[in-house]
Amino acid sequence: MTQINVQNTKITVINLGDKDYISITDMAGAKDNGSRAADIIKNWMRNRYTIEFLGTWETIHNPNFKVVEFDHFKMQAGLPNFVLSCGEWIDKTNAIGIVVKRGKYGGTFAHKDIAFEFGSAISVPFKLY
């Protein structure tokens, strides 16, 4: 586990296999002083574009991705009653691009491709720095 500094904000990076996963919890916390990080992530997950992006990323990088479940989420995304947690996304689709870690050094981590997309959705400076 290492940390990078983005605009005076420490962002945790973990290595899984040979891939870097960046804490989107830290990124979201920096956006709103940490108080609503989980809500920011959940709201991002509700967006149809987000679901399409995640599904496309998984289709490219994950041979075990469950496309049928992804299609179900894609059809529901953006509707007022659609709510999706990262854990549910992982469990239902066998996703590997997002990882949820529990415990003292826990949080939601995303492959760097996904983390950069998340950063651009919540903050222009995160995308550019």
# chains A, B, ... in the order shown; residues from 1 in each chain; ligands from 1
$ residues_around --residues "Lys66 (chain A)" --least-positions-apart "4" --cutoff "7 Å" --atoms "only C-alpha atoms" --output "list of chain:residue names"
A:Phe70, A:Thr93, A:Asn94
$ residues_around --residues "His72 (chain A)" --least-positions-apart "4" --cutoff "12 Å" --atoms "only C-alpha atoms" --output "list in words"
Arg48, Ile51, Glu52, Gly55, Lys66, Val67, Val68, Gln76, Ala77, Phe82, Leu84, Trp89, Lys92 and Thr93 of chain A
$ closest_residue --among "A:Gln3, A:Val124, A:Asn15, A:Gly97" --to "Phe53 (chain A)" --atoms "only C-alpha atoms"
A:Gly97
$ select_by_dssp --residues "region 17-124 of chain A" --states "strand (DSSP E)" --output "list in words"
Lys19, Asp20, Tyr21, Ile22, Ser23, Ile98, Val99, Val100, Lys101, Gly107, Thr108, Phe109, Ala110 and His111 of chain A
$ write_last_selection --atoms "N, CA and C atoms" --output "PDB file, in the first residue's frame"
ATOM      1  N   LYS A  19      -1.511  -4.965 -10.977  1.00  0.00           N
ATOM      2  CA  LYS A  19      -2.317  -3.798 -11.314  1.00  0.00           C
ATOM      3  C   LYS A  19      -2.476  -2.871 -10.110  1.00  0.00           C
ATOM      4  N   ASP A  20      -2.446  -1.569 -10.368  1.00  0.00           N
ATOM      5  CA  ASP A  20      -2.681  -0.580  -9.324  1.00  0.00           C
ATOM      6  C   ASP A  20      -4.169  -0.288  -9.206  1.00  0.00           C
ATOM      7  N   TYR A  21      -4.643  -0.268  -7.973  1.00  0.00           N
ATOM      8  CA  TYR A  21      -6.021   0.101  -7.666  1.00  0.00           C
ATOM      9  C   TYR A  21      -5.972   1.314  -6.748  1.00  0.00           C
ATOM     10  N   ILE A  22      -6.707   2.344  -7.121  1.00  0.00           N
ATOM     11  CA  ILE A  22      -6.676   3.633  -6.438  1.00  0.00           C
ATOM     12  C   ILE A  22      -7.937   3.779  -5.596  1.00  0.00           C
ATOM     13  N   SER A  23      -7.778   4.328  -4.412  1.00  0.00           N
ATOM     14  CA  SER A  23      -8.916   4.493  -3.505  1.00  0.00           C
ATOM     15  C   SER A  23      -9.849   5.591  -4.001  1.00  0.00           C
ATOM     16  N   ILE A  98     -13.347  -3.052  -9.713  1.00  0.00           N
ATOM     17  CA  ILE A  98     -13.592  -2.378  -8.439  1.00  0.00           C
ATOM     18  C   ILE A  98     -13.455  -3.421  -7.344  1.00  0.00           C
ATOM     19  N   VAL A  99     -12.801  -3.023  -6.253  1.00  0.00           N
ATOM     20  CA  VAL A  99     -12.575  -3.913  -5.114  1.00  0.00           C
ATOM     21  C   VAL A  99     -12.992  -3.173  -3.857  1.00  0.00           C
ATOM     22  N   VAL A 100     -13.736  -3.851  -2.992  1.00  0.00           N
ATOM     23  CA  VAL A 100     -14.125  -3.278  -1.708  1.00  0.00           C
ATOM     24  C   VAL A 100     -13.337  -3.986  -0.620  1.00  0.00           C
ATOM     25  N   LYS A 101     -12.588  -3.198   0.145  1.00  0.00           N
ATOM     26  CA  LYS A 101     -11.787  -3.726   1.261  1.00  0.00           C
ATOM     27  C   LYS A 101     -12.432  -3.271   2.564  1.00  0.00           C
ATOM     28  N   GLY A 107     -11.887   0.467   2.208  1.00  0.00           N
ATOM     29  CA  GLY A 107     -12.433   1.460   1.304  1.00  0.00           C
ATOM     30  C   GLY A 107     -12.742   0.812  -0.029  1.00  0.00           C
ATOM     31  N   THR A 108     -13.154   1.628  -0.964  1.00  0.00           N
ATOM     32  CA  THR A 108     -13.438   1.160  -2.310  1.00  0.00           C
ATOM     33  C   THR A 108     -12.286   1.579  -3.207  1.00  0.00           C
ATOM     34  N   PHE A 109     -11.725   0.589  -3.884  1.00  0.00           N
ATOM     35  CA  PHE A 109     -10.581   0.812  -4.759  1.00  0.00           C
ATOM     36  C   PHE A 109     -10.986   0.449  -6.181  1.00  0.00           C
ATOM     37  N   ALA A 110     -10.453   1.189  -7.134  1.00  0.00           N
ATOM     38  CA  ALA A 110     -10.769   0.931  -8.538  1.00  0.00           C
ATOM     39  C   ALA A 110      -9.484   0.874  -9.342  1.00  0.00           C
ATOM     40  N   HIS A 111      -9.498  -0.005 -10.354  1.00  0.00           N
ATOM     41  CA  HIS A 111      -8.380  -0.040 -11.294  1.00  0.00           C
ATOM     42  C   HIS A 111      -8.140   1.383 -11.773  1.00  0.00           C
TER      43      HIS A 111
END
$ residues_around --residues "Tyr49 (chain A)" --least-positions-apart "4" --cutoff "12 Å" --atoms "only C-alpha atoms" --output "list in words"
Asn43, Trp44, Met45, Phe53, Leu54, Gly55, Thr56, Phe73, Lys74, Met75, Gln76, Ala77, Gly78, Glu117, Phe118 and Ala121 of chain A
$ write_last_selection --atoms "C-alpha atoms" --output "PDB file, in the first residue's frame"
ATOM      1  CA  ASN A  43     -24.502   8.317  -6.799  1.00  0.00           C
ATOM      2  CA  TRP A  44     -21.779   7.813  -9.407  1.00  0.00           C
ATOM      3  CA  MET A  45     -22.754   4.139  -9.659  1.00  0.00           C
ATOM      4  CA  PHE A  53     -18.185   2.400 -18.840  1.00  0.00           C
ATOM      5  CA  LEU A  54     -17.737  -0.253 -16.136  1.00  0.00           C
ATOM      6  CA  GLY A  55     -19.376  -2.926 -18.265  1.00  0.00           C
ATOM      7  CA  THR A  56     -17.221  -2.100 -21.260  1.00  0.00           C
ATOM      8  CA  PHE A  73     -28.096  -3.073 -14.569  1.00  0.00           C
ATOM      9  CA  LYS A  74     -27.665  -1.106 -17.801  1.00  0.00           C
ATOM     10  CA  MET A  75     -31.411  -1.197 -18.456  1.00  0.00           C
ATOM     11  CA  GLN A  76     -32.173   0.071 -14.944  1.00  0.00           C
ATOM     12  CA  ALA A  77     -29.395   2.672 -14.650  1.00  0.00           C
ATOM     13  CA  GLY A  78     -30.558   6.250 -14.411  1.00  0.00           C
ATOM     14  CA  GLU A 117     -12.998   8.072 -14.893  1.00  0.00           C
ATOM     15  CA  PHE A 118     -14.432   8.467 -11.384  1.00  0.00           C
ATOM     16  CA  ALA A 121     -16.887  12.663 -12.888  1.00  0.00           C
TER      17      ALA A 121
END
$ select_by_dssp --residues "chain A" --states "alpha helix (DSSP H)" --output "ChimeraX atom specification"
/A:24-31,37-46,48-61,67-76,86-93,112-122,124-128
$ write_last_selection --atoms "C-alpha atoms" --output "tab-separated table (two decimals), in the first residue's frame"
chain	number	residue	atom	x	y	z
A	24	ILE	CA	-12.00	6.18	-4.87
A	25	THR	CA	-13.10	6.48	-1.24
A	26	ASP	CA	-10.15	8.82	-0.63
A	27	MET	CA	-10.94	10.70	-3.83
A	28	ALA	CA	-14.60	11.13	-2.88
A	29	GLY	CA	-13.63	12.09	0.66
A	30	ALA	CA	-11.42	14.87	-0.64
A	31	LYS	CA	-14.31	16.21	-2.68
A	37	ALA	CA	-17.70	9.59	0.37
A	38	ALA	CA	-19.93	6.52	0.25
A	39	ASP	CA	-22.87	8.61	-1.01
A	40	ILE	CA	-20.74	10.18	-3.75
A	41	ILE	CA	-19.63	6.73	-4.93
A	42	LYS	CA	-23.19	5.35	-4.84
A	43	ASN	CA	-24.50	8.32	-6.80
A	44	TRP	CA	-21.78	7.81	-9.41
A	45	MET	CA	-22.75	4.14	-9.66
A	46	ARG	CA	-26.38	5.10	-10.42
A	48	ARG	CA	-26.08	5.05	-16.92
A	49	TYR	CA	-22.81	6.24	-18.43
A	50	THR	CA	-20.93	4.85	-15.42
A	51	ILE	CA	-22.56	1.44	-15.79
A	52	GLU	CA	-21.80	1.40	-19.52
A	53	PHE	CA	-18.18	2.40	-18.84
A	54	LEU	CA	-17.74	-0.25	-16.14
A	55	GLY	CA	-19.38	-2.93	-18.26
A	56	THR	CA	-17.22	-2.10	-21.26
A	57	TRP	CA	-14.06	-2.10	-19.12
A	58	GLU	CA	-14.99	-5.48	-17.63
A	59	THR	CA	-15.82	-6.94	-21.04
A	60	ILE	CA	-12.35	-5.99	-22.27
A	61	HIS	CA	-10.39	-7.06	-19.17
A	67	VAL	CA	-22.70	-9.88	-19.26
A	68	VAL	CA	-26.35	-10.86	-18.67
A	69	GLU	CA	-26.31	-9.28	-15.20
A	70	PHE	CA	-24.57	-6.23	-16.64
A	71	ASP	CA	-27.35	-5.85	-19.21
A	72	HIS	CA	-29.92	-5.88	-16.40
A	73	PHE	CA	-28.10	-3.07	-14.57
A	74	LYS	CA	-27.66	-1.11	-17.80
A	75	MET	CA	-31.41	-1.20	-18.46
A	76	GLN	CA	-32.17	0.07	-14.94
A	86	CYS	CA	-20.05	-1.39	-5.50
A	87	GLY	CA	-20.39	-4.61	-3.53
A	88	GLU	CA	-23.57	-5.54	-5.36
A	89	TRP	CA	-21.95	-4.75	-8.72
A	90	ILE	CA	-19.01	-7.01	-7.84
A	91	ASP	CA	-21.16	-9.85	-6.49
A	92	LYS	CA	-23.68	-9.91	-9.34
A	93	THR	CA	-21.33	-9.40	-12.30
A	112	LYS	CA	-6.58	3.10	-12.40
A	113	ASP	CA	-8.64	3.33	-15.63
A	114	ILE	CA	-11.84	3.36	-13.59
A	115	ALA	CA	-10.43	5.62	-10.87
A	116	PHE	CA	-9.48	8.23	-13.46
A	117	GLU	CA	-13.00	8.07	-14.89
A	118	PHE	CA	-14.43	8.47	-11.38
A	119	GLY	CA	-12.12	11.41	-10.75
A	120	SER	CA	-13.26	13.16	-13.90
A	121	ALA	CA	-16.89	12.66	-12.89
A	122	ILE	CA	-16.49	14.21	-9.45
A	124	VAL	CA	-12.07	18.34	-12.99
A	125	PRO	CA	-8.83	18.96	-11.01
A	126	PHE	CA	-8.65	15.24	-10.07
A	127	LYS	CA	-8.79	14.34	-13.73
A	128	LEU	CA	-6.13	16.83	-14.73
$ atom_distance --atom1 "CA of Arg102 (chain A)" --atom2 "CA of Asn47 (chain A)"
24.6 Å
